[in-house]
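Novice: Take a look at protein.pdb, PDB, C-alpha atoms:
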ATOM      1  CA  MET A 204     -22.124   7.180  -2.011  1.00  0.00           C
ATOM      2  CA  LYS A 205     -19.439   7.792   0.569  1.00  0.00           C
ATOM      3  CA  GLU A 206     -15.808   8.591  -0.253  1.00  0.00           C
ATOM      4  CA  GLU A 207     -13.225   8.685   2.540  1.00  0.00           C
ATOM      5  CA  ILE A 208     -10.039  10.424   1.406  1.00  0.00           C
ATOM      6  CA  ILE A 209      -6.626  11.198   2.887  1.00  0.00           C
ATOM      7  CA  ILE A 210      -4.400  13.745   1.142  1.00  0.00           C
ATOM      8  CA  ALA A 211      -0.859  13.818   2.524  1.00  0.00           C
ATOM      9  CA  GLY A 212       2.489  15.441   1.779  1.00  0.00           C
ATOM     10  CA  PHE A 213       4.707  18.322   2.847  1.00  0.00           C
ATOM     11  CA  GLY A 214       3.446  21.745   3.838  1.00  0.00           C
ATOM     12  CA  GLY A 215       3.577  24.050   0.825  1.00  0.00           C
ATOM     13  CA  GLN A 216       2.327  21.407  -1.634  1.00  0.00           C
ATOM     14  CA  GLY A 217      -1.258  22.611  -1.340  1.00  0.00           C
ATOM     15  CA  VAL A 218      -2.459  19.554   0.571  1.00  0.00           C
ATOM     16  CA  LEU A 219      -4.830  21.431   2.879  1.00  0.00           C
ATOM     17  CA  SER A 220      -6.178  23.706   0.158  1.00  0.00           C
ATOM     18  CA  MET A 221      -6.833  20.715  -2.122  1.00  0.00           C
ATOM     19  CA  GLY A 222      -8.889  19.175   0.673  1.00  0.00           C
ATOM     20  CA  LYS A 223     -10.691  22.460   1.304  1.00  0.00           C
ATOM     21  CA  ILE A 224     -11.595  22.809  -2.379  1.00  0.00           C
ATOM     22  CA  LEU A 225     -12.924  19.230  -2.411  1.00  0.00           C
ATOM     23  CA  ALA A 226     -14.967  19.912   0.718  1.00  0.00           C
ATOM     24  CA  TYR A 227     -16.449  23.186  -0.562  1.00  0.00           C
ATOM     25  CA  SER A 228     -17.166  21.548  -3.911  1.00  0.00           C
ATOM     26  CA  GLY A 229     -18.981  18.733  -2.141  1.00  0.00           C
ATOM     27  CA  ILE A 230     -21.128  21.270  -0.306  1.00  0.00           C
ATOM     28  CA  MET A 231     -21.924  22.945  -3.644  1.00  0.00           C
ATOM     29  CA  GLN A 232     -23.043  19.525  -4.893  1.00  0.00           C
ATOM     30  CA  ASP A 233     -25.357  19.180  -1.867  1.00  0.00           C
ATOM     31  CA  LYS A 234     -23.248  16.459  -0.226  1.00  0.00           C
ATOM     32  CA  GLU A 235     -22.418  15.988   3.418  1.00  0.00           C
ATOM     33  CA  VAL A 236     -18.708  16.706   3.971  1.00  0.00           C
ATOM     34  CA  THR A 237     -16.012  16.800   6.616  1.00  0.00           C
ATOM     35  CA  TRP A 238     -12.586  18.452   6.322  1.00  0.00           C
ATOM     36  CA  MET A 239     -10.084  17.632   9.054  1.00  0.00           C
ATOM     37  CA  PRO A 240      -6.577  19.077   8.571  1.00  0.00           C
ATOM     38  CA  SER A 241      -3.413  18.073  10.402  1.00  0.00           C
ATOM     39  CA  TYR A 242      -0.023  19.707  10.024  1.00  0.00           C
ATOM     40  CA  GLY A 243       3.227  20.192  11.893  1.00  0.00           C
ATOM     41  CA  PRO A 244       4.257  23.512  13.432  1.00  0.00           C
ATOM     42  CA  GLU A 245       6.724  24.142  10.588  1.00  0.00           C
ATOM     43  CA  MET A 246       3.943  24.860   8.025  1.00  0.00           C
ATOM     44  CA  ARG A 247       6.116  24.897   4.858  1.00  0.00           C
ATOM     45  CA  GLY A 248       8.286  21.815   4.686  1.00  0.00           C
ATOM     46  CA  GLY A 249       6.623  20.036   7.609  1.00  0.00           C
ATOM     47  CA  THR A 250       4.213  17.168   7.203  1.00  0.00           C
ATOM     48  CA  ALA A 251       0.628  17.982   6.320  1.00  0.00           C
ATOM     49  CA  ASN A 252      -2.436  15.866   5.715  1.00  0.00           C
ATOM     50  CA  VAL A 253      -6.152  16.331   5.505  1.00  0.00           C
ATOM     51  CA  THR A 254      -9.002  13.882   5.755  1.00  0.00           C
ATOM     52  CA  VAL A 255     -12.021  14.643   3.584  1.00  0.00           C
ATOM     53  CA  ILE A 256     -15.252  12.667   3.618  1.00  0.00           C
ATOM     54  CA  ILE A 257     -17.882  13.259   0.938  1.00  0.00           C
ATOM     55  CA  SER A 258     -21.179  11.467   1.444  1.00  0.00           C
ATOM     56  CA  ASP A 259     -24.817  11.361   0.383  1.00  0.00           C
ATOM     57  CA  SER A 260     -25.817  10.783   4.008  1.00  0.00           C
ATOM     58  CA  LYS A 261     -24.835  12.090   7.445  1.00  0.00           C
ATOM     59  CA  ILE A 262     -21.240  11.476   8.508  1.00  0.00           C
ATOM     60  CA  SER A 263     -20.910  10.091  12.014  1.00  0.00           C
ATOM     61  CA  SER A 264     -17.225  10.938  12.574  1.00  0.00           C
ATOM     62  CA  PRO A 265     -14.429  12.698  10.677  1.00  0.00           C
ATOM     63  CA  VAL A 266     -11.845  10.371  12.252  1.00  0.00           C
ATOM     64  CA  LEU A 267     -10.689   7.556   9.962  1.00  0.00           C
ATOM     65  CA  ALA A 268      -8.142   4.764  10.207  1.00  0.00           C
ATOM     66  CA  ARG A 269      -8.769   3.327   6.695  1.00  0.00           C
ATOM     67  CA  PHE A 270      -9.409   5.208   3.459  1.00  0.00           C
ATOM     68  CA  ASP A 271     -11.132   4.622   0.135  1.00  0.00           C
ATOM     69  CA  THR A 272      -8.566   6.915  -1.512  1.00  0.00           C
ATOM     70  CA  ALA A 273      -5.084   8.054  -0.526  1.00  0.00           C
ATOM     71  CA  ILE A 274      -3.432  10.914  -2.412  1.00  0.00           C
ATOM     72  CA  ILE A 275       0.247  10.756  -1.463  1.00  0.00           C
ATOM     73  CA  LEU A 276       2.859  13.404  -2.287  1.00  0.00           C
ATOM     74  CA  ASN A 277       5.958  12.278  -0.362  1.00  0.00           C
ATOM     75  CA  GLN A 278       7.633   9.112   0.911  1.00  0.00           C
ATOM     76  CA  GLN A 279       6.930   9.785   4.585  1.00  0.00           C
ATOM     77  CA  SER A 280       3.204   9.975   3.793  1.00  0.00           C
ATOM     78  CA  MET A 281       3.405   6.850   1.605  1.00  0.00           C
ATOM     79  CA  ASP A 282       4.942   4.921   4.505  1.00  0.00           C
ATOM     80  CA  LYS A 283       2.245   6.107   6.896  1.00  0.00           C
ATOM     81  CA  PHE A 284      -0.925   6.095   4.764  1.00  0.00           C
ATOM     82  CA  GLY A 285      -0.253   3.678   1.882  1.00  0.00           C
ATOM     83  CA  PRO A 286      -1.055   0.633   4.035  1.00  0.00           C
ATOM     84  CA  ALA A 287      -4.281   2.298   5.253  1.00  0.00           C
ATOM     85  CA  VAL A 288      -6.006   2.190   1.852  1.00  0.00           C
ATOM     86  CA  LYS A 289      -8.914  -0.241   1.993  1.00  0.00           C
ATOM     87  CA  PRO A 290      -8.672  -3.297  -0.294  1.00  0.00           C
ATOM     88  CA  GLY A 291     -10.237  -2.310  -3.620  1.00  0.00           C
ATOM     89  CA  GLY A 292      -9.377   1.350  -2.909  1.00  0.00           C
ATOM     90  CA  LEU A 293      -7.329   3.893  -4.832  1.00  0.00           C
ATOM     91  CA  LEU A 294      -3.840   5.263  -4.228  1.00  0.00           C
ATOM     92  CA  ILE A 295      -2.630   8.215  -6.327  1.00  0.00           C
ATOM     93  CA  TYR A 296       0.906   9.511  -5.989  1.00  0.00           C
ATOM     94  CA  ASP A 297       3.390  11.863  -7.596  1.00  0.00           C
ATOM     95  CA  PRO A 298       6.498   9.768  -8.346  1.00  0.00           C
ATOM     96  CA  ASN A 299       8.739  12.836  -7.838  1.00  0.00           C
ATOM     97  CA  GLY A 300       8.268  12.611  -4.073  1.00  0.00           C
ATOM     98  CA  ILE A 301       8.437   8.818  -3.765  1.00  0.00           C
ATOM     99  CA  THR A 302      11.595   6.707  -3.432  1.00  0.00           C
ATOM    100  CA  ILE A 303       9.834   3.383  -2.729  1.00  0.00           C
ATOM    101  CA  PRO A 304       6.733   3.030  -4.928  1.00  0.00           C
ATOM    102  CA  PRO A 305       3.753   1.064  -3.603  1.00  0.00           C
ATOM    103  CA  SER A 306       3.528  -2.589  -4.572  1.00  0.00           C
ATOM    104  CA  ARG A 307       0.107  -3.607  -3.265  1.00  0.00           C
ATOM    105  CA  GLN A 308      -1.937  -5.718  -5.660  1.00  0.00           C
ATOM    106  CA  ASP A 309      -5.301  -5.323  -3.899  1.00  0.00           C
ATOM    107  CA  ILE A 310      -5.782  -1.611  -4.757  1.00  0.00           C
ATOM    108  CA  THR A 311      -5.762   0.558  -7.861  1.00  0.00           C
ATOM    109  CA  ILE A 312      -2.527   2.533  -8.045  1.00  0.00           C
ATOM    110  CA  CYS A 313      -2.091   5.612 -10.233  1.00  0.00           C
ATOM    111  CA  THR A 314       0.635   8.161 -10.763  1.00  0.00           C
ATOM    112  CA  ILE A 315       0.469  11.788 -11.814  1.00  0.00           C
ATOM    113  CA  ASP A 316       3.675  13.676 -12.577  1.00  0.00           C
ATOM    114  CA  ALA A 317       2.173  16.843 -11.133  1.00  0.00           C
ATOM    115  CA  ALA A 318       5.476  18.627 -10.567  1.00  0.00           C
ATOM    116  CA  ASN A 319       6.392  18.332 -14.247  1.00  0.00           C
ATOM    117  CA  GLU A 320       2.872  19.030 -15.533  1.00  0.00           C
ATOM    118  CA  SER A 321       2.474  22.184 -13.433  1.00  0.00           C
ATOM    119  CA  ALA A 322       5.894  23.392 -14.641  1.00  0.00           C
ATOM    120  CA  LEU A 323       4.765  22.813 -18.244  1.00  0.00           C
ATOM    121  CA  LEU A 324       1.698  24.954 -17.496  1.00  0.00           C
ATOM    122  CA  GLY A 325       4.081  27.731 -16.471  1.00  0.00           C
ATOM    123  CA  ASN A 326       2.775  27.894 -12.904  1.00  0.00           C
ATOM    124  CA  THR A 327       4.142  25.448 -10.330  1.00  0.00           C
ATOM    125  CA  LYS A 328       1.559  26.712  -7.816  1.00  0.00           C
ATOM    126  CA  THR A 329      -1.027  24.670  -9.747  1.00  0.00           C
ATOM    127  CA  TYR A 330       0.682  21.453  -8.575  1.00  0.00           C
ATOM    128  CA  ASN A 331      -2.169  20.513  -6.241  1.00  0.00           C
ATOM    129  CA  MET A 332      -4.806  21.160  -8.911  1.00  0.00           C
ATOM    130  CA  VAL A 333      -3.046  18.763 -11.306  1.00  0.00           C
ATOM    131  CA  VAL A 334      -3.218  16.137  -8.541  1.00  0.00           C
ATOM    132  CA  LEU A 335      -6.882  16.977  -7.918  1.00  0.00           C
ATOM    133  CA  GLY A 336      -7.582  16.413 -11.615  1.00  0.00           C
ATOM    134  CA  ALA A 337      -6.023  12.939 -11.422  1.00  0.00           C
ATOM    135  CA  PHE A 338      -8.311  12.112  -8.490  1.00  0.00           C
ATOM    136  CA  LEU A 339     -11.402  13.414 -10.295  1.00  0.00           C
ATOM    137  CA  LYS A 340     -10.561  11.282 -13.348  1.00  0.00           C
ATOM    138  CA  MET A 341     -10.349   8.154 -11.223  1.00  0.00           C
ATOM    139  CA  LYS A 342     -13.228   9.016  -8.862  1.00  0.00           C
ATOM    140  CA  PRO A 343     -15.601  11.580 -10.420  1.00  0.00           C
ATOM    141  CA  VAL A 344     -17.463  12.171  -7.148  1.00  0.00           C
ATOM    142  CA  ILE A 345     -17.777  15.930  -7.791  1.00  0.00           C
ATOM    143  CA  SER A 346     -18.747  17.592 -11.085  1.00  0.00           C
ATOM    144  CA  MET A 347     -16.375  20.090 -12.704  1.00  0.00           C
ATOM    145  CA  GLU A 348     -19.073  22.750 -12.371  1.00  0.00           C
ATOM    146  CA  ASN A 349     -19.049  22.321  -8.598  1.00  0.00           C
ATOM    147  CA  ILE A 350     -15.244  22.160  -8.478  1.00  0.00           C
ATOM    148  CA  VAL A 351     -15.215  25.633 -10.071  1.00  0.00           C
ATOM    149  CA  LEU A 352     -17.714  26.824  -7.446  1.00  0.00           C
ATOM    150  CA  GLY A 353     -15.496  25.298  -4.748  1.00  0.00           C
ATOM    151  CA  LEU A 354     -12.485  27.127  -6.178  1.00  0.00           C
ATOM    152  CA  LYS A 355     -14.398  30.414  -6.082  1.00  0.00           C
ATOM    153  CA  LYS A 356     -15.315  29.789  -2.447  1.00  0.00           C
ATOM    154  CA  SER A 357     -11.782  28.717  -1.429  1.00  0.00           C
ATOM    155  CA  ILE A 358      -9.676  31.281  -3.267  1.00  0.00           C
ATOM    156  CA  PRO A 359      -9.770  34.896  -2.050  1.00  0.00           C
ATOM    157  CA  GLU A 360     -11.684  37.163  -4.409  1.00  0.00           C
ATOM    158  CA  ARG A 361      -8.516  39.109  -5.225  1.00  0.00           C
ATOM    159  CA  SER A 362      -7.146  35.887  -6.755  1.00  0.00           C
ATOM    160  CA  HIS A 363     -10.224  34.870  -8.780  1.00  0.00           C
ATOM    161  CA  HIS A 364      -8.300  35.736 -11.951  1.00  0.00           C
ATOM    162  CA  LEU A 365      -6.334  32.501 -11.270  1.00  0.00           C
ATOM    163  CA  ILE A 366      -9.394  30.241 -11.486  1.00  0.00           C
ATOM    164  CA  GLY A 367      -8.841  29.709 -15.222  1.00  0.00           C
ATOM    165  CA  ILE A 368      -5.271  28.393 -14.774  1.00  0.00           C
ATOM    166  CA  ASN A 369      -6.470  26.207 -11.909  1.00  0.00           C
ATOM    167  CA  VAL A 370      -9.203  24.683 -14.082  1.00  0.00           C
ATOM    168  CA  GLN A 371      -6.596  24.134 -16.815  1.00  0.00           C
ATOM    169  CA  ALA A 372      -4.385  22.362 -14.250  1.00  0.00           C
ATOM    170  CA  ILE A 373      -7.280  20.127 -13.175  1.00  0.00           C
ATOM    171  CA  GLU A 374      -7.900  19.208 -16.826  1.00  0.00           C
ATOM    172  CA  THR A 375      -4.172  18.474 -17.202  1.00  0.00           C
ATOM    173  CA  GLY A 376      -4.386  16.053 -14.271  1.00  0.00           C
ATOM    174  CA  ILE A 377      -7.483  14.416 -15.753  1.00  0.00           C
ATOM    175  CA  ASN A 378      -5.659  13.895 -19.052  1.00  0.00           C
ATOM    176  CA  ASN A 379      -2.305  12.715 -17.658  1.00  0.00           C
ATOM    177  CA  VAL A 380      -3.046  10.298 -14.829  1.00  0.00           C
ATOM    178  CA  LYS A 381      -1.423   6.893 -15.412  1.00  0.00           C
ATOM    179  CA  ILE A 382      -2.854   3.655 -14.060  1.00  0.00           C
ATOM    180  CA  ILE A 383      -0.112   1.379 -12.698  1.00  0.00           C
ATOM    181  CA  ASN A 384      -2.300  -1.338 -11.152  1.00  0.00           C
ATOM    182  CA  LYS A 385      -6.069  -1.733 -11.627  1.00  0.00           C
ATOM    183  CA  VAL A 386      -8.337  -3.892  -9.470  1.00  0.00           C
TER     184      VAL A 386
END
Give the structure from the file, written as structure tokens.

Specialist:
Amino acid sequence: MKEEIIIAGFGGQGVLSMGKILAYSGIMQDKEVTWMPSYGPEMRGGTANVTVIISDSKISSPVLARFDTAIILNQQSMDKFGPAVKPGGLLIYDPNGITIPPSRQDITICTIDAANESALLGNTKTYNMVVLGAFLKMKPVISMENIVLGLKKSIPERSHHLIGINVQAIETGINNVKIINKV
């Protein structure tokens, strides 16, 4: 198994931390992983993306031009990374950040209304965990047990009391992802 993932959006959406949690969770599951972040100097509001590779075998390079999965949180990222999803791959996006939805027929396309779902949970900071849940529903490459371990490793100990709401947000994403196109 090898899953090559790009997560892209604006700074402040939790893009990099979502990738870090996936990477730590992969390590907890005894997988080989890479985590390669990229962001503009603005931090919040600037563009941000992270490439994560999770594999059963050694990873030769963290640099990718094509992806098995793209998780897209804004239009600028859709324009840049939507075409880079491999045929037969998966594209997940939050429609709140997209003005021109993808129309490819050779990939599975899903939406998750993470902005609304995290607001319904009463904590908009769980936005990225709702999105992560949608990914895990479509590609269960990491067990929930190891996701929790990854959360514990990623979140500072002083914030461990928030792990429960984060797990709830992941479950919300699992339960609310919508398939638009299935291949």

Novice: Check what the PyMOL selection byres ((chain A and resi 266-278) around 9) selects in the file above and give those residues as an MDAnalysis selection string.

Specialist: chainID A and resid 205:213 216 218 239 254 264:265 279:304 334:335 338 342

Novice: Write out, as a compact mmCIF listing (two decimals), in the coordinates of the input, the residues just selected, with C-alpha atoms.

Specialist:
# COMPACT_ATOMS: atom_id res chain seq x y z
CA LYS A 205 -19.44 7.79 0.57
CA GLU A 206 -15.81 8.59 -0.25
CA GLU A 207 -13.22 8.68 2.54
CA ILE A 208 -10.04 10.42 1.41
CA ILE A 209 -6.63 11.20 2.89
CA ILE A 210 -4.40 13.74 1.14
CA ALA A 211 -0.86 13.82 2.52
CA GLY A 212 2.49 15.44 1.78
CA PHE A 213 4.71 18.32 2.85
CA GLN A 216 2.33 21.41 -1.63
CA VAL A 218 -2.46 19.55 0.57
CA MET A 239 -10.08 17.63 9.05
CA THR A 254 -9.00 13.88 5.76
CA SER A 264 -17.23 10.94 12.57
CA PRO A 265 -14.43 12.70 10.68
CA GLN A 279 6.93 9.78 4.58
CA SER A 280 3.20 9.98 3.79
CA MET A 281 3.40 6.85 1.60
CA ASP A 282 4.94 4.92 4.50
CA LYS A 283 2.24 6.11 6.90
CA PHE A 284 -0.92 6.10 4.76
CA GLY A 285 -0.25 3.68 1.88
CA PRO A 286 -1.06 0.63 4.04
CA ALA A 287 -4.28 2.30 5.25
CA VAL A 288 -6.01 2.19 1.85
CA LYS A 289 -8.91 -0.24 1.99
CA PRO A 290 -8.67 -3.30 -0.29
CA GLY A 291 -10.24 -2.31 -3.62
CA GLY A 292 -9.38 1.35 -2.91
CA LEU A 293 -7.33 3.89 -4.83
CA LEU A 294 -3.84 5.26 -4.23
CA ILE A 295 -2.63 8.22 -6.33
CA TYR A 296 0.91 9.51 -5.99
CA ASP A 297 3.39 11.86 -7.60
CA PRO A 298 6.50 9.77 -8.35
CA ASN A 299 8.74 12.84 -7.84
CA GLY A 300 8.27 12.61 -4.07
CA ILE A 301 8.44 8.82 -3.76
CA THR A 302 11.60 6.71 -3.43
CA ILE A 303 9.83 3.38 -2.73
CA PRO A 304 6.73 3.03 -4.93
CA VAL A 334 -3.22 16.14 -8.54
CA LEU A 335 -6.88 16.98 -7.92
CA PHE A 338 -8.31 12.11 -8.49
CA LYS A 342 -13.23 9.02 -8.86

Novice: Translate the PyMOL selection byres ((chain A and resi 346) around 12), as applied to the file shown, into an explicit residue set as a ChimeraX atom specification.

Specialist: /A:225,228-234,336,339-340,342-345,347-353,373

Novice: To one decimal place in Å, what is the distance between atom CA of Thr311 of chain A and atom CA of Ser241 of chain A?

Specialist: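 Interatomic distance here is 25.4 Å.
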
Novice: Looking at A:Pro359, A:Gly217, A:Gly376, A:Gly367, which one is nearest to Cys313 of chain A, with distances taken over all atoms listed in the file?

Specialist: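 Of the candidates, the smallest distance to Cys313 of chain A is held by A:Gly376.
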
Novice: Grab the atom CA of Glu320 of chain A to atom CA of Met221 of chain A distance for me, in Å with one decimal place.

Specialist: 16.6 Å

Novice: Smallest atom-to-atom distance to Asn378 of chain A: which of A:Tyr242, A:Val333, A:Leu219, A:Ile312, using only C-alpha atoms?

Specialist: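 Of the candidates, the smallest distance to Asn378 of chain A is held by A:Val333.
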
Novice: To one decimal in Å, tell me the separation between atom CA of Glu235 of chain A and atom CA of Val255 of chain A.

Specialist: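 These two atoms are separated by 10.5 Å.
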
Novice: Near Leu365 of chain A, counting all atoms listed in the file, which residues have an atom at most 12 Å away, once you skip same-chain residues fewer than 5 positions from it, shown as an NGL selection string?

Specialist: :A and (326 or 328-329 or 332 or 351 or 354-355 or 357-360 or 370-372)

Novice: Taking only C-alpha atoms into account, which of A:Ala251, A:Tyr330, A:Glu374, A:Val236 comes nearest Ala318 of chain A?

Specialist: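 Residue with the minimum atom-to-atom distance to Ala318 of chain A: A:Tyr330.
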
Novice: Please evaluate the PyMOL selection byres ((chain A and resi 379) around 8) against the displayed coordinates and give the resulting residues as an MDAnalysis selection string.

Specialist: chainID A and resid 315:316 337 375:378 380:381

Novice: Output as AutoDock Vina command-line options the centre and edge lengths (Å, one decimal) of the box along x, y and z of the file that holds every listed atom of segment 206-218 of chain A after adding 8 Å on each side.

Specialist:
--center_x -5.6 --center_y 16.3 --center_z 1.1 --size_x 36.5 --size_y 31.5 --size_z 21.5
